[in-house]
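Asker: I'm passing along model.cif; it holds mmCIF, C-alpha atoms, pLDDT in the B column; chains and numbers go by the auth columns.
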```
data_coords
#
loop_
_atom_site.group_PDB
_atom_site.id
_atom_site.type_symbol
_atom_site.label_atom_id
_atom_site.label_comp_id
_atom_site.label_asym_id
_atom_site.label_seq_id
_atom_site.Cartn_x
_atom_site.Cartn_y
_atom_site.Cartn_z
_atom_site.B_iso_or_equiv
_atom_site.auth_seq_id
_atom_site.auth_asym_id
ATOM 1 C CA GLN A 1 57.791 -3.915 17.465 79.00 1 A
ATOM 2 C CA VAL A 2 60.717 -2.286 19.260 85.00 2 A
ATOM 3 C CA ASP A 3 61.605 1.371 18.808 89.00 3 A
ATOM 4 C CA ILE A 4 65.035 2.622 19.797 94.00 4 A
ATOM 5 C CA VAL A 5 65.229 6.387 20.290 93.00 5 A
ATOM 6 C CA GLU A 6 68.556 8.148 20.770 95.00 6 A
ATOM 7 C CA SER A 7 69.415 11.719 21.652 94.00 7 A
ATOM 8 C CA GLY A 8 72.298 13.853 22.832 95.00 8 A
ATOM 9 C CA GLY A 9 74.790 14.017 19.998 94.00 9 A
ATOM 10 C CA GLY A 10 76.328 17.243 18.791 97.00 10 A
ATOM 11 C CA LEU A 11 79.455 19.279 18.198 98.00 11 A
ATOM 12 C CA VAL A 12 81.945 19.830 20.992 98.00 12 A
ATOM 13 C CA ARG A 13 85.543 20.937 21.307 98.00 13 A
ATOM 14 C CA ALA A 14 88.274 18.548 22.341 98.00 14 A
ATOM 15 C CA GLY A 15 88.238 18.085 26.105 98.00 15 A
ATOM 16 C CA GLY A 16 84.516 18.722 26.298 98.00 16 A
ATOM 17 C CA SER A 17 81.673 16.432 27.334 98.00 17 A
ATOM 18 C CA LEU A 18 78.460 15.055 25.889 98.00 18 A
ATOM 19 C CA ARG A 19 75.780 12.749 27.250 98.00 19 A
ATOM 20 C CA LEU A 20 73.920 10.339 24.999 98.00 20 A
ATOM 21 C CA SER A 21 70.563 8.840 25.914 98.00 21 A
ATOM 22 C CA CYS A 22 68.758 5.850 24.476 97.00 22 A
ATOM 23 C CA SER A 23 65.362 4.420 25.281 95.00 23 A
ATOM 24 C CA ALA A 24 63.960 1.155 23.947 92.00 24 A
ATOM 25 C CA SER A 25 60.184 1.022 23.850 87.00 25 A
ATOM 26 C CA VAL A 26 59.192 -2.481 24.855 79.00 26 A
ATOM 27 C CA THR A 27 56.760 -3.688 27.490 73.00 27 A
ATOM 28 C CA GLY A 28 56.992 -6.676 29.726 71.00 28 A
ATOM 29 C CA SER A 29 60.631 -7.541 29.170 77.00 29 A
ATOM 30 C CA THR A 30 64.142 -6.295 29.714 82.00 30 A
ATOM 31 C CA PHE A 31 66.896 -6.586 27.173 89.00 31 A
ATOM 32 C CA HIS A 32 69.867 -8.692 28.203 90.00 32 A
ATOM 33 C CA THR A 33 72.405 -6.150 26.952 95.00 33 A
ATOM 34 C CA MET A 34 72.144 -2.542 25.878 96.00 34 A
ATOM 35 C CA GLY A 35 74.933 -0.349 24.777 97.00 35 A
ATOM 36 C CA TRP A 36 76.606 1.934 22.315 98.00 36 A
ATOM 37 C CA TYR A 37 78.508 1.347 19.116 98.00 37 A
ATOM 38 C CA ARG A 38 80.091 3.887 16.817 98.00 38 A
ATOM 39 C CA GLN A 39 81.131 4.122 13.210 98.00 39 A
ATOM 40 C CA ALA A 40 83.543 6.659 11.825 96.00 40 A
ATOM 41 C CA PRO A 41 83.778 7.368 8.067 92.00 41 A
ATOM 42 C CA GLY A 42 85.585 4.571 6.284 95.00 42 A
ATOM 43 C CA LYS A 43 85.792 2.391 9.378 96.00 43 A
ATOM 44 C CA PRO A 44 83.764 -0.577 10.610 97.00 44 A
ATOM 45 C CA ARG A 45 81.259 -0.231 13.400 97.00 45 A
ATOM 46 C CA GLU A 46 82.851 -0.862 16.788 98.00 46 A
ATOM 47 C CA SER A 47 81.604 -1.501 20.283 98.00 47 A
ATOM 48 C CA VAL A 48 82.077 1.416 22.659 98.00 48 A
ATOM 49 C CA ALA A 49 80.334 0.498 25.915 98.00 49 A
ATOM 50 C CA LEU A 50 77.872 -2.211 26.927 98.00 50 A
ATOM 51 C CA ALA A 51 75.736 -2.779 30.028 97.00 51 A
ATOM 52 C CA SER A 52 74.036 -6.045 30.873 95.00 52 A
ATOM 53 C CA SER A 53 70.796 -6.456 32.796 91.00 53 A
ATOM 54 C CA SER A 54 72.927 -7.503 35.783 91.00 54 A
ATOM 55 C CA ARG A 55 74.769 -4.136 35.584 87.00 55 A
ATOM 56 C CA ARG A 56 77.981 -5.615 34.242 95.00 56 A
ATOM 57 C CA THR A 57 79.712 -3.077 32.005 97.00 57 A
ATOM 58 C CA THR A 58 82.397 -3.365 29.358 98.00 58 A
ATOM 59 C CA TYR A 59 84.296 -0.623 27.536 98.00 59 A
ATOM 60 C CA ALA A 60 86.482 -0.297 24.510 98.00 60 A
ATOM 61 C CA GLU A 61 90.063 0.303 25.551 98.00 61 A
ATOM 62 C CA SER A 62 90.088 3.623 23.715 97.00 62 A
ATOM 63 C CA VAL A 63 87.337 5.090 25.930 98.00 63 A
ATOM 64 C CA GLN A 64 88.211 3.457 29.251 98.00 64 A
ATOM 65 C CA GLY A 65 88.349 6.070 31.997 97.00 65 A
ATOM 66 C CA ARG A 66 86.646 8.742 29.864 98.00 66 A
ATOM 67 C CA PHE A 67 83.228 7.268 29.085 98.00 67 A
ATOM 68 C CA THR A 68 80.696 5.917 31.579 98.00 68 A
ATOM 69 C CA ILE A 69 77.679 3.837 30.676 98.00 69 A
ATOM 70 C CA SER A 70 74.677 3.593 32.968 96.00 70 A
ATOM 71 C CA ARG A 71 71.401 1.796 32.605 94.00 71 A
ATOM 72 C CA ASP A 72 67.915 1.781 34.065 91.00 72 A
ATOM 73 C CA ARG A 73 65.914 -1.136 32.664 90.00 73 A
ATOM 74 C CA ASN A 74 65.519 -0.348 28.952 92.00 74 A
ATOM 75 C CA THR A 75 67.119 3.076 29.053 94.00 75 A
ATOM 76 C CA VAL A 76 70.842 3.535 28.717 96.00 76 A
ATOM 77 C CA PHE A 77 73.075 6.588 28.970 98.00 77 A
ATOM 78 C CA LEU A 78 76.616 7.282 27.855 98.00 78 A
ATOM 79 C CA GLN A 79 78.483 10.062 29.626 98.00 79 A
ATOM 80 C CA MET A 80 81.441 11.053 27.469 98.00 80 A
ATOM 81 C CA ASN A 81 84.145 13.201 29.060 98.00 81 A
ATOM 82 C CA ASP A 82 87.483 14.450 27.786 98.00 82 A
ATOM 83 C CA LEU A 83 86.348 13.933 24.210 98.00 83 A
ATOM 84 C CA LYS A 84 88.973 13.654 21.505 98.00 84 A
ATOM 85 C CA PRO A 85 88.759 14.272 17.752 97.00 85 A
ATOM 86 C CA GLU A 86 89.115 10.517 17.207 97.00 86 A
ATOM 87 C CA ASP A 87 85.817 10.040 19.051 98.00 87 A
ATOM 88 C CA THR A 88 84.064 11.659 16.100 98.00 88 A
ATOM 89 C CA ALA A 89 81.574 9.153 14.694 98.00 89 A
ATOM 90 C CA VAL A 90 77.933 8.238 14.400 98.00 90 A
ATOM 91 C CA TYR A 91 76.934 6.595 17.658 98.00 91 A
ATOM 92 C CA TYR A 92 74.328 3.843 17.575 97.00 92 A
ATOM 93 C CA CYS A 93 72.342 2.445 20.454 97.00 93 A
ATOM 94 C CA ASN A 94 71.868 -1.312 20.492 97.00 94 A
ATOM 95 C CA ALA A 95 69.488 -3.538 22.426 95.00 95 A
ATOM 96 C CA HIS A 96 70.167 -7.248 22.463 93.00 96 A
ATOM 97 C CA ARG A 97 68.116 -10.220 23.583 90.00 97 A
ATOM 98 C CA LEU A 98 69.511 -13.617 24.564 87.00 98 A
ATOM 99 C CA SER A 99 67.430 -15.061 21.718 86.00 99 A
ATOM 100 C CA GLY A 100 69.824 -13.251 19.383 86.00 100 A
ATOM 101 C CA ASP A 101 67.494 -10.456 18.354 90.00 101 A
ATOM 102 C CA ASN A 102 69.292 -7.165 17.870 92.00 102 A
ATOM 103 C CA PHE A 103 67.689 -3.758 17.613 94.00 103 A
ATOM 104 C CA TRP A 104 69.431 -0.566 16.503 96.00 104 A
ATOM 105 C CA GLY A 105 68.718 3.109 16.820 95.00 105 A
ATOM 106 C CA GLN A 106 68.961 5.494 13.917 95.00 106 A
ATOM 107 C CA GLY A 107 72.302 6.883 15.080 96.00 107 A
ATOM 108 C CA THR A 108 73.363 10.240 16.468 97.00 108 A
ATOM 109 C CA GLN A 109 76.338 12.243 15.226 97.00 109 A
ATOM 110 C CA VAL A 110 79.115 13.181 17.627 98.00 110 A
ATOM 111 C CA THR A 111 81.701 15.584 16.270 98.00 111 A
ATOM 112 C CA VAL A 112 84.742 16.640 18.283 98.00 112 A
ATOM 113 C CA SER A 113 86.764 19.553 16.941 97.00 113 A
ATOM 114 C CA SER A 114 90.437 19.988 17.720 94.00 114 A
#
```
Translate the structure of the given file into structure tokens.
Answerer:
Amino acid sequence: QVDIVESGGGLVRAGGSLRLSCSASVTGSTFHTMGWYRQAPGKPRESVALASSSRRTTYAESVQGRFTISRDRNTVFLQMNDLKPEDTAVYYCNAHRLSGDNFWGQGTQVTVSS
């Protein structure tokens, strides 16, 4: 059983900042990759930022230079700066094992007003 708990979403004006947190409750192992995805109304879910267990990070082009992902074992953070209205979406935390197992959080709403 793996529980993924997210926090930190909310409403912010354009140009503002938010910090998302995600913790995966699992003992004795570390996920290969953890990261954040988002889904806006009417759009498919997309990858935002990922961090591997070796600290390698990848970002969507649309958030490069504005978002920063950091990770400490099975906890991952997403610092979001200079937010734009197009960043509005439900953000989901994901934890991935090399075996192919994927675990998702319940999602946290981020709304950026213009």
Asker: Can you list, as a PyMOL selection string, the residues that the PyMOL selection byres ((chain A and resi 106-114) around 10) selects here?
Answerer: chain A and resi 3-18+20-21+36-40+83-94+104-105
Asker: When you draw a straight line from CA of Val48 in chain A to CA of Gly28 in chain A, how long is it in Å?
Answerer: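 That distance, rounded to one decimal, is 27.3 Å.
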Asker: Could you tell me how far CA of Met80 in chain A lies from CA of Phe67 in chain A, in Å and to one decimal?
Answerer: 4.5 Å
Asker: Show which residues sit within 8 Å of Ser52 in chain A, as a tab-separated table (two decimals) with C-alpha atoms, keeping the file's coordinate frame. Count all atoms listed in the file, and ignore same-chain residues fewer than 6 positions away.
Answerer:
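Final file, around.tsv:
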```
chain	number	residue	atom	x	y	z
A	32	HIS	CA	69.87	-8.69	28.20
A	33	THR	CA	72.40	-6.15	26.95
A	34	MET	CA	72.14	-2.54	25.88
```
Asker: Find the distance between CA of Leu98 in chain A and CA of Ala60 in chain A and write it in Å to one decimal.
Answerer: 21.6 Å
Asker: Would you mind telling me which residue in A:Asp82, A:Ala24, A:Pro41, A:Arg19 lies nearest to Phe103 in chain A when using all atoms listed in the file?
Answerer: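 Smallest distance to Phe103 in chain A is found for A:Ala24.
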Asker: Go through A:Ala95, A:Ile69, A:Val63, A:Ala49 and flag the residue nearest Val26 in chain A, using only C-alpha atoms for the distances.
Answerer: A:Ala95
Asker: The PyMOL selection byres ((chain A and resi 53) around 9) - which residues does that actually catch in the file I just gave you? List them as a short mmCIF file (atom, residue, chain, number, x, y, z; two decimals) with C-alpha atoms, keeping the file's coordinate frame.
Answerer:
```cif
data_model
loop_
_atom_site.label_atom_id
_atom_site.label_comp_id
_atom_site.auth_asym_id
_atom_site.auth_seq_id
_atom_site.Cartn_x
_atom_site.Cartn_y
_atom_site.Cartn_z
CA THR A 30 64.14 -6.30 29.71
CA PHE A 31 66.90 -6.59 27.17
CA HIS A 32 69.87 -8.69 28.20
CA THR A 33 72.40 -6.15 26.95
CA MET A 34 72.14 -2.54 25.88
CA ALA A 51 75.74 -2.78 30.03
CA SER A 52 74.04 -6.04 30.87
CA SER A 54 72.93 -7.50 35.78
CA ARG A 55 74.77 -4.14 35.58
CA ARG A 56 77.98 -5.62 34.24
CA ARG A 71 71.40 1.80 32.60
CA ASP A 72 67.92 1.78 34.06
CA ARG A 73 65.91 -1.14 32.66
CA ASN A 74 65.52 -0.35 28.95
#
```
